[in-house]
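run_20.cif, holding mmCIF, C-alpha atoms:
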data_my_file
#
loop_
_atom_site.label_atom_id
_atom_site.label_comp_id
_atom_site.auth_asym_id
_atom_site.auth_seq_id
_atom_site.Cartn_x
_atom_site.Cartn_y
_atom_site.Cartn_z
CA MET A 299 134.75 64.61 112.22
CA ILE A 300 133.83 68.27 112.27
CA PRO A 301 136.34 70.10 114.48
CA GLN A 302 134.89 71.90 117.48
CA LEU A 303 135.73 75.59 117.49
CA ASP A 304 138.15 76.90 120.12
CA GLN A 305 140.06 80.17 120.08
CA GLY A 306 143.25 79.73 118.11
CA ARG A 307 141.89 76.99 115.84
CA SER A 308 142.58 77.24 112.12
CA GLU A 309 140.67 79.50 109.77
CA ALA A 310 139.38 76.37 108.01
CA ALA A 311 137.86 75.10 111.24
CA THR A 312 136.18 78.46 111.77
CA LEU A 313 134.68 78.36 108.28
CA GLU A 314 133.58 74.76 108.76
CA GLN A 315 131.49 75.44 111.84
CA LEU A 316 130.09 78.73 110.50
CA PHE A 317 129.21 77.42 107.05
CA ASN A 318 127.74 74.13 108.27
CA HIS A 319 125.32 76.04 110.49
CA ASP A 320 125.49 73.65 113.46
CA ILE A 321 125.25 70.39 111.53
CA SER A 322 127.53 68.92 114.21
CA ILE A 323 125.22 67.97 117.06
CA GLN A 324 126.85 68.35 120.44
CA THR A 325 126.56 65.90 123.30
CA THR A 326 127.75 68.34 125.96
CA PRO A 327 125.40 69.29 128.82
CA HIS A 328 122.57 71.61 127.87
CA GLN A 329 123.55 75.25 128.09
CA PRO A 330 121.28 77.96 129.48
CA ALA A 331 119.26 79.93 126.96
CA PRO A 332 121.08 83.03 125.71
CA SER A 333 120.18 86.44 127.05
CA GLN A 334 117.42 88.41 125.37
CA ALA A 335 119.99 90.57 123.59
CA ALA A 336 121.47 87.52 121.86
CA LEU A 337 118.24 85.98 120.58
CA SER A 338 118.07 85.40 116.84
CA LYS A 339 115.40 86.03 114.28
CA TYR A 340 114.72 83.74 111.32
CA LEU A 341 114.53 83.91 107.56
CA LEU A 342 111.75 81.74 106.12
CA LEU A 343 111.78 80.89 102.42
CA TYR A 344 109.24 78.67 100.71
CA LEU A 345 107.92 77.75 97.28
CA GLN A 346 104.61 79.19 96.16
CA GLY A 347 102.38 78.99 93.12
CA GLY A 348 99.16 80.84 92.41
CA LYS A 349 96.01 78.77 92.72
CA ASP A 350 94.69 80.48 89.57
CA LEU A 351 97.52 79.11 87.41
CA GLU A 352 96.62 76.50 84.85
CA GLY A 353 97.89 73.02 85.65
CA VAL A 354 99.79 72.09 88.81
CA PRO A 355 101.07 75.12 90.82
CA TRP A 356 104.60 73.69 91.19
CA GLN A 357 105.06 74.01 87.43
CA ARG A 358 105.32 77.78 87.98
CA GLY A 359 106.88 77.80 91.43
CA GLU A 360 108.51 80.97 92.78
CA MET A 361 110.21 81.61 96.12
CA GLY A 362 108.31 83.56 98.77
CA GLY A 363 109.63 84.58 102.15
CA ALA A 364 109.12 86.12 105.58
CA ILE A 365 111.14 87.31 108.56
CA LEU A 366 110.17 85.55 111.81
CA ASP A 367 110.68 86.83 115.33
CA GLU A 368 112.51 85.03 118.14
CA ASP A 369 109.31 83.13 118.96
CA LEU A 370 108.83 82.15 115.28
CA SER A 371 105.91 84.52 114.78
CA VAL A 372 105.84 86.52 111.55
CA ILE A 373 107.36 90.01 111.67
CA LYS A 374 107.33 90.80 107.97
CA ASP A 375 106.08 89.14 104.81
CA LEU A 376 108.59 89.40 101.98
CA ASP A 377 106.24 88.30 99.19
CA ALA A 378 108.21 86.95 96.19
CA VAL A 379 111.93 86.87 97.00
CA PHE A 380 113.07 84.93 93.90
CA GLN A 381 111.11 84.46 90.69
CA PRO A 382 111.65 82.56 87.43
CA ASP A 383 113.39 84.59 84.74
CA ARG A 384 112.35 83.93 81.15
CA ASP A 385 115.75 85.20 79.99
CA ASP A 386 117.78 82.78 82.17
CA TYR A 387 117.23 79.28 80.78
CA TRP A 388 117.99 77.17 83.87
CA ARG A 389 115.36 78.99 85.98
CA SER A 390 113.05 80.26 83.26
CA SER A 391 109.90 78.32 84.30
CA ARG A 392 109.99 77.22 87.93
CA LEU A 393 112.12 77.31 91.07
CA LEU A 394 112.90 74.44 93.42
CA ALA A 395 113.87 74.12 97.07
CA GLY A 396 117.35 74.42 98.50
CA SER A 397 119.30 75.52 101.56
CA LEU A 398 120.93 78.59 103.07
CA ARG A 399 124.52 78.89 104.26
CA LEU A 400 126.35 81.66 106.13
CA VAL A 401 129.91 82.36 104.95
CA ASN A 402 130.64 85.19 107.38
CA GLU A 403 128.66 87.26 109.82
CA ASN A 404 126.64 89.06 107.15
CA SER A 405 127.10 87.10 103.90
CA LEU A 406 124.54 84.48 102.97
CA TYR A 407 124.41 81.96 100.13
CA PHE A 408 121.15 80.47 98.93
CA PHE A 409 121.54 77.27 96.90
CA TYR A 410 118.41 76.22 95.04
CA GLY A 411 117.07 74.55 91.92
CA GLY A 412 115.26 75.62 88.79
CA SER A 413 114.08 74.37 85.43
CA PRO A 414 113.03 75.66 82.00
CA ASP A 415 109.60 75.28 80.42
CA ARG A 416 108.26 72.36 78.40
CA PRO A 417 109.50 70.23 76.74
CA ASN A 418 112.29 70.38 79.36
CA LEU A 419 110.19 71.19 82.41
CA LEU A 420 111.76 68.28 84.33
CA HIS A 421 115.35 69.07 83.35
CA GLU A 422 116.52 70.38 86.72
CA TYR A 423 119.49 72.60 87.43
CA ILE A 424 121.12 74.02 90.59
CA GLY A 425 122.36 77.54 91.11
CA PHE A 426 123.01 79.99 93.91
CA CYS A 427 122.43 83.56 94.94
CA LYS A 428 124.63 85.61 97.27
CA GLY A 429 123.09 87.99 99.77
CA ILE A 430 124.33 90.63 102.20
CA ILE A 431 122.43 90.93 105.49
CA ARG A 432 121.77 94.59 106.30
CA ASP A 433 120.22 96.30 109.31
CA ASN A 434 116.72 95.24 110.30
CA HIS A 435 117.36 91.89 108.58
CA GLU A 436 117.07 93.35 105.11
CA ILE A 437 118.97 91.17 102.61
CA ASP A 438 120.44 92.51 99.37
CA TRP A 439 120.51 89.64 96.89
CA GLN A 440 122.82 89.60 93.88
CA ALA A 441 121.97 88.08 90.50
CA PRO A 442 121.60 84.26 90.58
CA GLN A 443 124.34 82.12 89.04
CA LEU A 444 124.25 78.60 87.62
CA ILE A 445 126.54 75.96 89.16
CA GLU A 446 128.54 73.74 86.81
CA PHE A 447 128.36 70.01 87.56
CA LEU A 448 130.86 67.65 85.91
CA ASP A 449 130.49 63.91 85.12
CA TRP A 450 126.73 63.68 85.69
CA GLU A 451 126.37 60.92 83.10
CA LYS A 452 128.93 58.67 84.84
CA TYR A 453 126.75 57.89 87.85
CA TYR A 454 123.30 59.38 87.22
CA ASP A 455 120.49 58.95 84.73
CA TYR A 456 117.13 60.25 83.60
CA SER A 457 113.99 58.77 85.14
CA ASP A 458 110.47 58.37 83.78
CA HIS A 459 108.07 60.52 85.76
CA PRO A 460 104.99 58.43 86.66
CA LEU A 461 102.59 61.36 86.26
CA MET A 462 104.22 62.99 83.22
CA PRO A 463 105.13 60.20 80.77
CA ASP A 464 105.95 62.72 78.04
CA GLN A 465 108.77 64.20 80.17
CA ARG A 466 112.25 62.82 80.81
CA HIS A 467 113.15 63.70 84.39
CA ARG A 468 116.69 64.90 85.04
CA GLN A 469 116.66 64.97 88.82
CA LEU A 470 119.15 67.51 90.16
CA ARG A 471 117.68 69.57 93.01
CA ASP A 472 117.46 70.08 96.79
CA PRO A 473 121.14 71.05 97.29
CA PHE A 474 122.52 70.64 100.81
CA PRO A 475 126.22 71.70 100.94
CA ILE A 476 128.64 70.90 103.76
CA PHE A 477 132.22 72.14 104.24
CA HIS A 478 134.38 69.27 105.52
CA GLU A 479 138.12 68.58 105.45
CA GLY A 480 138.81 71.52 103.17
CA LYS A 481 136.23 70.65 100.51
CA TYR A 482 132.60 71.45 99.76
CA TRP A 483 130.35 68.40 99.63
CA MET A 484 126.92 68.87 98.11
CA PHE A 485 124.11 66.37 98.68
CA LEU A 486 121.21 66.51 96.21
CA SER A 487 118.16 64.68 94.91
CA ALA A 488 119.05 62.58 91.87
CA ALA A 489 118.34 59.35 89.98
CA ALA A 490 120.93 56.57 90.00
CA LYS A 491 122.24 54.78 86.93
CA THR A 492 120.45 51.45 87.44
CA ASN A 493 118.13 49.04 85.64
CA SER A 494 115.51 49.51 88.36
CA GLN A 495 112.60 51.24 86.59
CA PRO A 496 111.10 53.62 87.51
CA LYS A 497 112.41 53.63 91.09
CA LYS A 498 115.85 55.20 90.68
CA GLY A 499 115.68 57.79 93.45
CA CYS A 500 118.94 58.40 95.26
CA ILE A 501 120.88 61.01 97.21
CA GLY A 502 123.56 62.23 94.87
CA LEU A 503 126.86 63.72 95.95
CA ALA A 504 129.24 66.23 94.39
CA VAL A 505 132.50 67.77 95.63
CA ALA A 506 134.30 71.03 94.90
CA ASP A 507 137.34 72.96 96.04
CA GLN A 508 135.46 76.25 95.85
CA LEU A 509 132.00 77.00 97.20
CA GLU A 510 130.72 78.25 93.84
CA GLY A 511 132.09 75.22 92.00
CA PRO A 512 132.58 73.67 89.58
CA TYR A 513 131.38 70.51 91.36
CA THR A 514 132.41 67.01 90.28
CA LEU A 515 129.70 64.42 90.75
CA LEU A 516 130.63 61.30 92.70
CA PRO A 517 128.76 57.99 93.02
CA PRO A 518 125.51 58.36 94.97
CA ALA A 519 125.97 58.68 98.71
CA LEU A 520 122.84 56.55 98.98
CA PHE A 521 120.79 54.50 96.52
CA PRO A 522 118.11 52.85 98.71
CA HIS A 523 117.33 49.45 97.21
CA PHE A 524 116.51 45.83 97.95
CA MET A 525 117.11 42.59 96.07
CA THR A 526 114.51 40.45 94.29
CA ASP A 527 114.74 37.41 92.03
CA GLU A 528 114.89 39.88 89.12
CA GLY A 529 117.80 41.76 90.68
CA GLU A 530 118.22 45.22 92.23
CA GLN A 531 115.06 47.22 92.89
CA GLY A 532 115.06 50.83 94.06
CA LEU A 533 112.92 51.76 97.05
CA PHE A 534 111.83 55.20 95.86
CA TYR A 535 111.17 57.19 92.72
CA GLU A 536 112.73 60.25 94.36
CA CYS A 537 114.39 61.20 97.66
CA GLU A 538 113.53 64.79 98.52
CA ARG A 539 114.91 67.55 100.77
CA SER A 540 117.87 65.60 102.13
CA GLN A 541 119.79 66.91 105.12
CA VAL A 542 122.94 65.50 106.73
CA TYR A 543 124.17 65.91 110.33
CA TYR A 544 127.19 64.63 112.25
CA LYS A 545 126.63 63.06 115.68
CA GLY A 546 128.33 60.38 117.75
CA GLY A 547 130.98 59.55 115.17
CA MET A 548 128.42 59.00 112.41
CA TRP A 549 126.91 61.01 109.57
CA HIS A 550 123.11 60.94 109.71
CA MET A 551 121.14 61.45 106.50
CA PHE A 552 117.41 62.27 106.40
CA PHE A 553 115.01 62.73 103.48
CA SER A 554 111.31 62.59 102.56
CA VAL A 555 109.28 60.57 100.04
CA MET A 556 105.56 60.71 99.26
CA LYS A 557 104.10 57.23 99.76
CA GLN A 558 102.91 57.07 96.14
CA HIS A 559 106.60 57.07 95.15
CA VAL A 560 107.54 54.12 97.42
CA ASN A 561 108.10 50.73 95.75
CA PRO A 562 105.03 48.60 96.63
CA ARG A 563 107.14 45.45 96.54
CA TRP A 564 109.23 46.80 99.41
CA LEU A 565 106.09 47.57 101.38
CA GLU A 566 104.99 43.96 100.83
CA GLN A 567 108.33 42.76 102.20
CA LEU A 568 107.86 44.91 105.30
CA GLY A 569 104.59 43.15 106.15
CA ASP A 570 102.90 44.65 109.19
CA ASP A 571 105.70 47.22 109.54
CA ALA A 572 104.53 48.83 106.31
CA ALA A 573 101.75 50.50 108.30
CA SER A 574 104.38 52.85 109.73
CA ILE A 575 105.11 54.29 106.26
CA THR A 576 103.13 57.46 105.46
CA ASP A 577 103.58 60.60 103.38
CA SER A 578 105.17 62.18 106.47
CA SER A 579 107.80 59.49 107.09
CA LEU A 580 111.29 60.96 107.47
CA TYR A 581 113.82 58.35 106.35
CA HIS A 582 117.09 57.93 108.26
CA PHE A 583 120.37 56.40 107.01
CA VAL A 584 123.85 56.51 108.56
CA SER A 585 127.53 56.23 107.58
CA PRO A 586 130.90 56.69 109.30
CA GLN A 587 132.11 58.55 106.19
CA ILE A 588 130.60 61.69 104.73
CA ASN A 589 130.54 60.19 101.23
CA GLY A 590 128.88 56.94 102.34
CA PRO A 591 127.81 54.37 101.63
CA TYR A 592 124.88 55.10 103.94
CA GLN A 593 123.03 52.21 105.57
CA PRO A 594 119.48 52.08 106.97
CA ALA A 595 119.19 53.11 110.62
CA GLY A 596 116.92 50.16 111.46
CA VAL A 597 114.76 47.57 109.73
CA VAL A 598 112.28 50.32 108.92
CA PRO A 599 114.58 53.35 108.62
CA VAL A 600 112.06 55.99 109.65
CA VAL A 601 112.47 58.60 112.40
CA LYS A 602 110.18 57.83 115.30
CA GLY A 603 107.22 60.19 115.44
CA SER A 604 107.66 61.56 111.91
CA SER A 605 104.99 59.38 110.29
CA GLU A 606 102.38 60.73 112.73
CA SER A 607 103.39 64.39 112.37
CA ASN A 608 101.31 65.04 109.24
CA LEU A 609 104.24 67.08 107.89
CA TYR A 610 106.04 66.70 104.58
CA ALA A 611 109.60 67.66 103.61
CA ILE A 612 110.57 67.74 107.29
CA ASN A 613 113.76 69.67 108.03
CA PHE A 614 115.50 70.64 111.27
CA GLU A 615 116.60 73.99 112.68
CA ARG A 616 117.70 75.24 116.10
CA ASN A 617 115.47 77.47 118.20
CA ASN A 618 116.79 80.16 120.54
CA GLN A 619 117.16 77.60 123.33
CA GLU A 620 119.58 75.69 121.03
CA ASP A 621 117.14 72.77 120.77
CA PHE A 622 116.39 71.26 117.38
CA ILE A 623 112.87 71.69 116.06
CA ALA A 624 111.25 70.01 113.07
CA TYR A 625 109.20 71.94 110.53
CA GLY A 626 107.54 71.32 107.17
CA LEU A 627 104.30 71.44 105.21
CA ASN A 628 101.17 70.54 107.17
CA LEU A 629 99.53 68.15 104.70
CA GLU A 630 96.03 68.54 106.10
CA MET A 631 95.96 72.34 106.14
CA GLN A 632 98.37 72.82 103.21
CA GLU A 633 100.17 75.48 105.22
CA LEU A 634 103.67 75.62 106.67
CA ASP A 635 104.20 74.52 110.26
CA VAL A 636 107.15 76.54 111.54
CA SER A 637 105.61 76.85 115.00
CA GLY A 638 108.33 75.12 116.98
CA GLN A 639 105.78 72.66 118.39
CA TRP A 640 107.67 69.67 116.92
CA LYS A 641 110.82 69.04 118.93
CA VAL A 642 113.66 66.76 117.82
CA LEU A 643 114.72 64.57 120.74
CA TRP A 644 118.17 63.23 119.96
CA ASP A 645 119.93 61.91 123.03
CA ASN A 646 121.06 58.64 121.43
CA ASP A 647 121.65 57.21 117.96
CA TYR A 648 118.01 57.46 116.93
CA PRO A 649 116.23 60.85 116.95
CA GLU A 650 112.54 61.19 117.70
CA ILE A 651 110.14 63.90 116.59
CA LYS A 652 107.66 64.72 119.32
CA LYS A 653 104.92 67.31 119.64
CA VAL A 654 105.44 69.42 122.75
CA SER A 655 103.11 71.72 124.61
CA PRO A 656 103.76 75.36 123.73
CA SER A 657 103.03 76.27 127.33
CA GLY A 658 106.00 74.17 128.38
CA GLN A 659 108.42 76.13 126.20
CA GLN A 660 109.82 79.58 126.38
CA SER A 661 109.63 81.91 123.36
CA VAL A 662 107.18 79.78 121.35
CA ALA A 663 103.87 81.34 120.43
CA ASP A 664 100.52 79.57 120.04
CA PRO A 665 101.14 77.02 117.24
CA SER A 666 97.65 77.44 115.81
CA SER A 667 98.60 80.99 114.87
CA LEU A 668 101.85 79.90 113.26
CA LEU A 669 100.59 77.73 110.44
CA TYR A 670 101.88 80.00 107.72
CA GLY A 671 99.81 80.35 104.55
CA ARG A 672 99.06 82.91 101.84
CA GLU A 673 95.64 83.59 100.42
CA GLY A 674 95.41 82.66 96.76
CA TYR A 675 98.61 80.61 96.81
CA CYS A 676 99.65 77.01 97.26
CA ILE A 677 102.83 76.93 99.33
CA TRP A 678 105.29 74.11 100.07
CA ASP A 679 108.95 73.27 100.80
CA ALA A 680 109.78 75.50 103.77
CA ILE A 681 113.41 76.57 104.34
CA LEU A 682 113.93 78.00 107.83
CA PHE A 683 117.24 79.68 108.68
CA LYS A 684 118.37 81.12 112.00
CA LEU A 685 119.95 84.51 111.32
CA PRO A 686 122.94 85.87 113.24
CA ALA A 687 121.85 87.52 116.49
#
Rendering of file as structure tokens:
Amino acid sequence: MIPQLDQGRSEAATLEQLFNHDISIQTTPHQPAPSQAALSKYLLLYLQGGKDLEGVPWQRGEMGGAILDEDLSVIKDLDAVFQPDRDDYWRSSRLLAGSLRLVNENSLYFFYGGSPDRPNLLHEYIGFCKGIIRDNHEIDWQAPQLIEFLDWEKYYDYSDHPLMPDQRHRQLRDPFPIFHEGKYWMFLSAAAKTNSQPKKGCIGLAVADQLEGPYTLLPPALFPHFMTDEGEQGLFYECERSQVYYKGGMWHMFFSVMKQHVNPRWLEQLGDDAASITDSSLYHFVSPQINGPYQPAGVVPVVKGSSESNLYAINFERNNQEDFIAYGLNLEMQELDVSGQWKVLWDNDYPEIKKVSPSGQQSVADPSSLLYGREGYCIWDAILFKLPA
């Protein structure tokens, strides 16, 4: 369990709550909203690719950004925050999504993925970049560094990409680190070592004594699968943008999968329930231990309300009223929905994502004005981070 922070607790407990950025969801009575002076602004990062690029934009993805006000409206566009570097092999062609972590009041780590160009476009790597938060929410970023992962071949494998048969896919992306019991645990998108072709998608897990690694890969925290007469069959080709939270004595894992990457045989088994599976479905698995194994949170392990949200790569963040909101890519508009109009209701074991009226909330602007897009660019994979007040 994540220790709750009281004065006099150990330095490790302090680091745990700060670094994990409120992954421990409290069940105490709702607290009043903080005073105006204490309200936080937000850092928004996202992947972008020019619409004029040849091929699919994600093959040349770079990281854009913006600073958002307390009400999630845009204060400042940051344009390209991180770009591929032809002289740094692991990130020489494209960048991939990740997560942000605070290590003290003004030091920020950004963990993210990258890959080289063809013929290794789908050989994915994970690195990090350290930043110092200055006045006016300016962030000075240092040079990116590659993270070393040990024992990948023991538990993980290449997969055959259904749309790029000429490419072997080394899935290693979407890092989500947690500090727990004196160690750093990193969840990531990976492919399990299994005979289930091509559906090998899993949530990998690695552990380290130091934040910057090296990380030793462990067996997958979750390999979603079902059994057939032919044996084990994976549910998904890939499990994207995982996030893990602690609540009610259980670890709760969430991730996204485009429906085209769902095993059709599993959908047949679900029967009528398969109608609830869409591109927007946010999958939900639980475990009493951080390292799993994680089990489905229901017959159809999908967060209520997510399939109807029309969002992809849904993630959670707290607003200034300390409520969780859901955000992601609006699939219809192909713009980011960071409006705060999707609230995460989580009063029991099963969260629900529900659209709320902006007029019923404080400090949330008109959502129609907060679909964030950039002319001439495709954008995807939002990463929203609440900055220190």
Item to check | Atomic distance atom CA of Leu448 of chain A - atom CA of Pro586 of chain A, expressed in Å with one decimal | outcome: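 Separation between atom CA of Leu448 of chain A and atom CA of Pro586 of chain A: 25.8 Å.
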Item to check | Output check: residues returned by the PyMOL selection byres ((chain A and resi 360-377) around 8), as a ChimeraX atom specification | outcome: /A:337-347,358-359,378-382,392-394,435,618,636-638,661-663,668
Apply the PyMOL selection byres ((chain A and resi 635) around 9) to the structure shown and report the selected residues as an mmCIF file with C-alpha atoms, in the coordinates of the input.
data_model
loop_
_atom_site.group_PDB
_atom_site.id
_atom_site.type_symbol
_atom_site.label_atom_id
_atom_site.label_comp_id
_atom_site.auth_asym_id
_atom_site.auth_seq_id
_atom_site.Cartn_x
_atom_site.Cartn_y
_atom_site.Cartn_z
ATOM 1 C CA LEU A 609 104.240 67.080 107.890
ATOM 2 C CA ALA A 624 111.250 70.010 113.070
ATOM 3 C CA TYR A 625 109.200 71.940 110.530
ATOM 4 C CA GLY A 626 107.540 71.320 107.170
ATOM 5 C CA LEU A 627 104.300 71.440 105.210
ATOM 6 C CA ASN A 628 101.170 70.540 107.170
ATOM 7 C CA GLU A 633 100.170 75.480 105.220
ATOM 8 C CA LEU A 634 103.670 75.620 106.670
ATOM 9 C CA VAL A 636 107.150 76.540 111.540
ATOM 10 C CA SER A 637 105.610 76.850 115.000
ATOM 11 C CA GLY A 638 108.330 75.120 116.980
ATOM 12 C CA GLN A 639 105.780 72.660 118.390
ATOM 13 C CA TRP A 640 107.670 69.670 116.920
ATOM 14 C CA PRO A 665 101.140 77.020 117.240
ATOM 15 C CA LEU A 668 101.850 79.900 113.260
ATOM 16 C CA LEU A 669 100.590 77.730 110.440
ATOM 17 C CA TYR A 670 101.880 80.000 107.720
ATOM 18 C CA ALA A 680 109.780 75.500 103.770
#
Item to check | Gap from atom CA of Tyr410 of chain A to atom CA of Tyr454 of chain A - Å, one decimal | outcome: 19.2 Å
Kindly compute an axis-aligned box around the listed atoms of segment 563-580 of chain A, allowing 6 Å on each side, and express its centre and edge lengths in Å to one decimal as AutoDock Vina command-line options.
--center_x 106.5 --center_y 52.5 --center_z 103.1 --size_x 21.5 --size_y 31.4 --size_z 25.2
Checklist entry - When the PyMOL selection byres ((chain A and resi 450) around 12) is applied to the file above, which residues end up in the set, as a PyMOL selection string? => result chain A and resi 423+446-449+451-456+468-470+488-491+502-504+513-518
Next on the checklist: I'd like to know which of A:Asp647, A:Glu530, A:Asp383, A:Glu510 is closest to Gly547 of chain A, using all atoms listed in the file.
Outcome noted: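 The answer is A:Asp647, which sits nearest to Gly547 of chain A.
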Next on the checklist: Taking (102.0, 64.5, 110.4) in the coordinates of the supplied file, I want to know which residues reach to within 10 Å of it, counting all atoms listed in the file; could you give the answer as a PyMOL selection string?
Outcome noted: chain A and resi 576-579+603-610+612+626-630
For the residues selected in the previous step, produce a file with C-alpha atoms as a PDB file, in the frame of the given file.
ATOM      1  CA  THR A 576     103.130  57.460 105.460  1.00  0.00           C
ATOM      2  CA  ASP A 577     103.580  60.600 103.380  1.00  0.00           C
ATOM      3  CA  SER A 578     105.170  62.180 106.470  1.00  0.00           C
ATOM      4  CA  SER A 579     107.800  59.490 107.090  1.00  0.00           C
ATOM      5  CA  GLY A 603     107.220  60.190 115.440  1.00  0.00           C
ATOM      6  CA  SER A 604     107.660  61.560 111.910  1.00  0.00           C
ATOM      7  CA  SER A 605     104.990  59.380 110.290  1.00  0.00           C
ATOM      8  CA  GLU A 606     102.380  60.730 112.730  1.00  0.00           C
ATOM      9  CA  SER A 607     103.390  64.390 112.370  1.00  0.00           C
ATOM     10  CA  ASN A 608     101.310  65.040 109.240  1.00  0.00           C
ATOM     11  CA  LEU A 609     104.240  67.080 107.890  1.00  0.00           C
ATOM     12  CA  TYR A 610     106.040  66.700 104.580  1.00  0.00           C
ATOM     13  CA  ILE A 612     110.570  67.740 107.290  1.00  0.00           C
ATOM     14  CA  GLY A 626     107.540  71.320 107.170  1.00  0.00           C
ATOM     15  CA  LEU A 627     104.300  71.440 105.210  1.00  0.00           C
ATOM     16  CA  ASN A 628     101.170  70.540 107.170  1.00  0.00           C
ATOM     17  CA  LEU A 629      99.530  68.150 104.700  1.00  0.00           C
ATOM     18  CA  GLU A 630      96.030  68.540 106.100  1.00  0.00           C
TER      19      GLU A 630
END
Checklist entry - Using only C-alpha atoms, which of the listed residues (A:Val560, A:Ile651, A:Val555, A:Val542) sits closest to Asn589 of chain A? => result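 Among the listed residues, A:Val542 lies closest to Asn589 of chain A.
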Item to check | For Pro594 of chain A: contacts at 7 Å, all atoms listed in the file, fewer than 2 positions along chain excluded, given as a ChimeraX atom specification | outcome: /A:582-584,592,596,599
Just want the 7 Å neighbourhood of Leu406 of chain A, counted on all atoms listed in the file, with same-chain residues fewer than 2 positions away dropped. Output as a PDB file with C-alpha atoms, keeping the file's coordinate frame.
ATOM      1  CA  LEU A 398     120.930  78.590 103.070  1.00  0.00           C
ATOM      2  CA  ARG A 399     124.520  78.890 104.260  1.00  0.00           C
ATOM      3  CA  LEU A 400     126.350  81.660 106.130  1.00  0.00           C
ATOM      4  CA  VAL A 401     129.910  82.360 104.950  1.00  0.00           C
ATOM      5  CA  ASN A 404     126.640  89.060 107.150  1.00  0.00           C
ATOM      6  CA  PHE A 408     121.150  80.470  98.930  1.00  0.00           C
ATOM      7  CA  LYS A 428     124.630  85.610  97.270  1.00  0.00           C
ATOM      8  CA  GLY A 429     123.090  87.990  99.770  1.00  0.00           C
ATOM      9  CA  ILE A 430     124.330  90.630 102.200  1.00  0.00           C
TER      10      ILE A 430
END
Item to check | A:Tyr482, A:Gln567, A:Pro649, A:Gln508 ranked by distance to Phe552 of chain A, top pick (using all atoms listed in the file) | outcome: A:Pro649
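Restricting the calculation to all atoms listed in the file, the smallest distance between Gly511 of chain A and any of A:Ile424, A:Met462, A:Met556, A:Leu533 is found for A:Ile424.
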Add whatever atoms are absent from segment 515-519 of chain A to reach all heavy atoms, and provide the output as a JSON list (two decimals), keeping the file's coordinate frame.
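To be explicit, this is the file written out as result.json:
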[["chain", "number", "residue", "atom", "x", "y", "z"],
["A", 515, "LEU", "N", 130.62, 65.40, 90.19],
["A", 515, "LEU", "CA", 129.70, 64.42, 90.75],
["A", 515, "LEU", "C", 130.42, 63.12, 91.07],
["A", 515, "LEU", "O", 131.27, 62.64, 90.29],
["A", 515, "LEU", "CB", 128.53, 64.18, 89.80],
["A", 515, "LEU", "CG", 127.50, 65.31, 89.83],
["A", 515, "LEU", "CD1", 126.76, 65.44, 88.52],
["A", 515, "LEU", "CD2", 126.52, 65.09, 90.98],
["A", 516, "LEU", "N", 130.09, 62.57, 92.22],
["A", 516, "LEU", "CA", 130.63, 61.30, 92.70],
["A", 516, "LEU", "C", 129.52, 60.25, 92.66],
["A", 516, "LEU", "O", 128.36, 60.57, 92.42],
["A", 516, "LEU", "CB", 131.15, 61.48, 94.13],
["A", 516, "LEU", "CG", 132.19, 62.58, 94.35],
["A", 516, "LEU", "CD1", 132.49, 62.72, 95.83],
["A", 516, "LEU", "CD2", 133.45, 62.30, 93.56],
["A", 517, "PRO", "N", 129.84, 58.98, 92.91],
["A", 517, "PRO", "CA", 128.76, 57.99, 93.02],
["A", 517, "PRO", "C", 127.76, 58.40, 94.09],
["A", 517, "PRO", "O", 128.09, 59.13, 95.03],
["A", 517, "PRO", "CB", 129.51, 56.71, 93.42],
["A", 517, "PRO", "CG", 130.90, 56.91, 92.90],
["A", 517, "PRO", "CD", 131.17, 58.38, 93.04],
["A", 518, "PRO", "N", 126.51, 57.99, 93.97],
["A", 518, "PRO", "CA", 125.51, 58.36, 94.97],
["A", 518, "PRO", "C", 125.97, 58.03, 96.38],
["A", 518, "PRO", "O", 126.55, 56.96, 96.63],
["A", 518, "PRO", "CB", 124.29, 57.52, 94.58],
["A", 518, "PRO", "CG", 124.46, 57.27, 93.12],
["A", 518, "PRO", "CD", 125.94, 57.13, 92.91],
["A", 519, "ALA", "N", 125.71, 58.97, 97.30],
["A", 519, "ALA", "CA", 125.97, 58.68, 98.71],
["A", 519, "ALA", "C", 125.02, 57.60, 99.20],
["A", 519, "ALA", "O", 125.36, 56.82, 100.09],
["A", 519, "ALA", "CB", 125.80, 59.95, 99.54]]
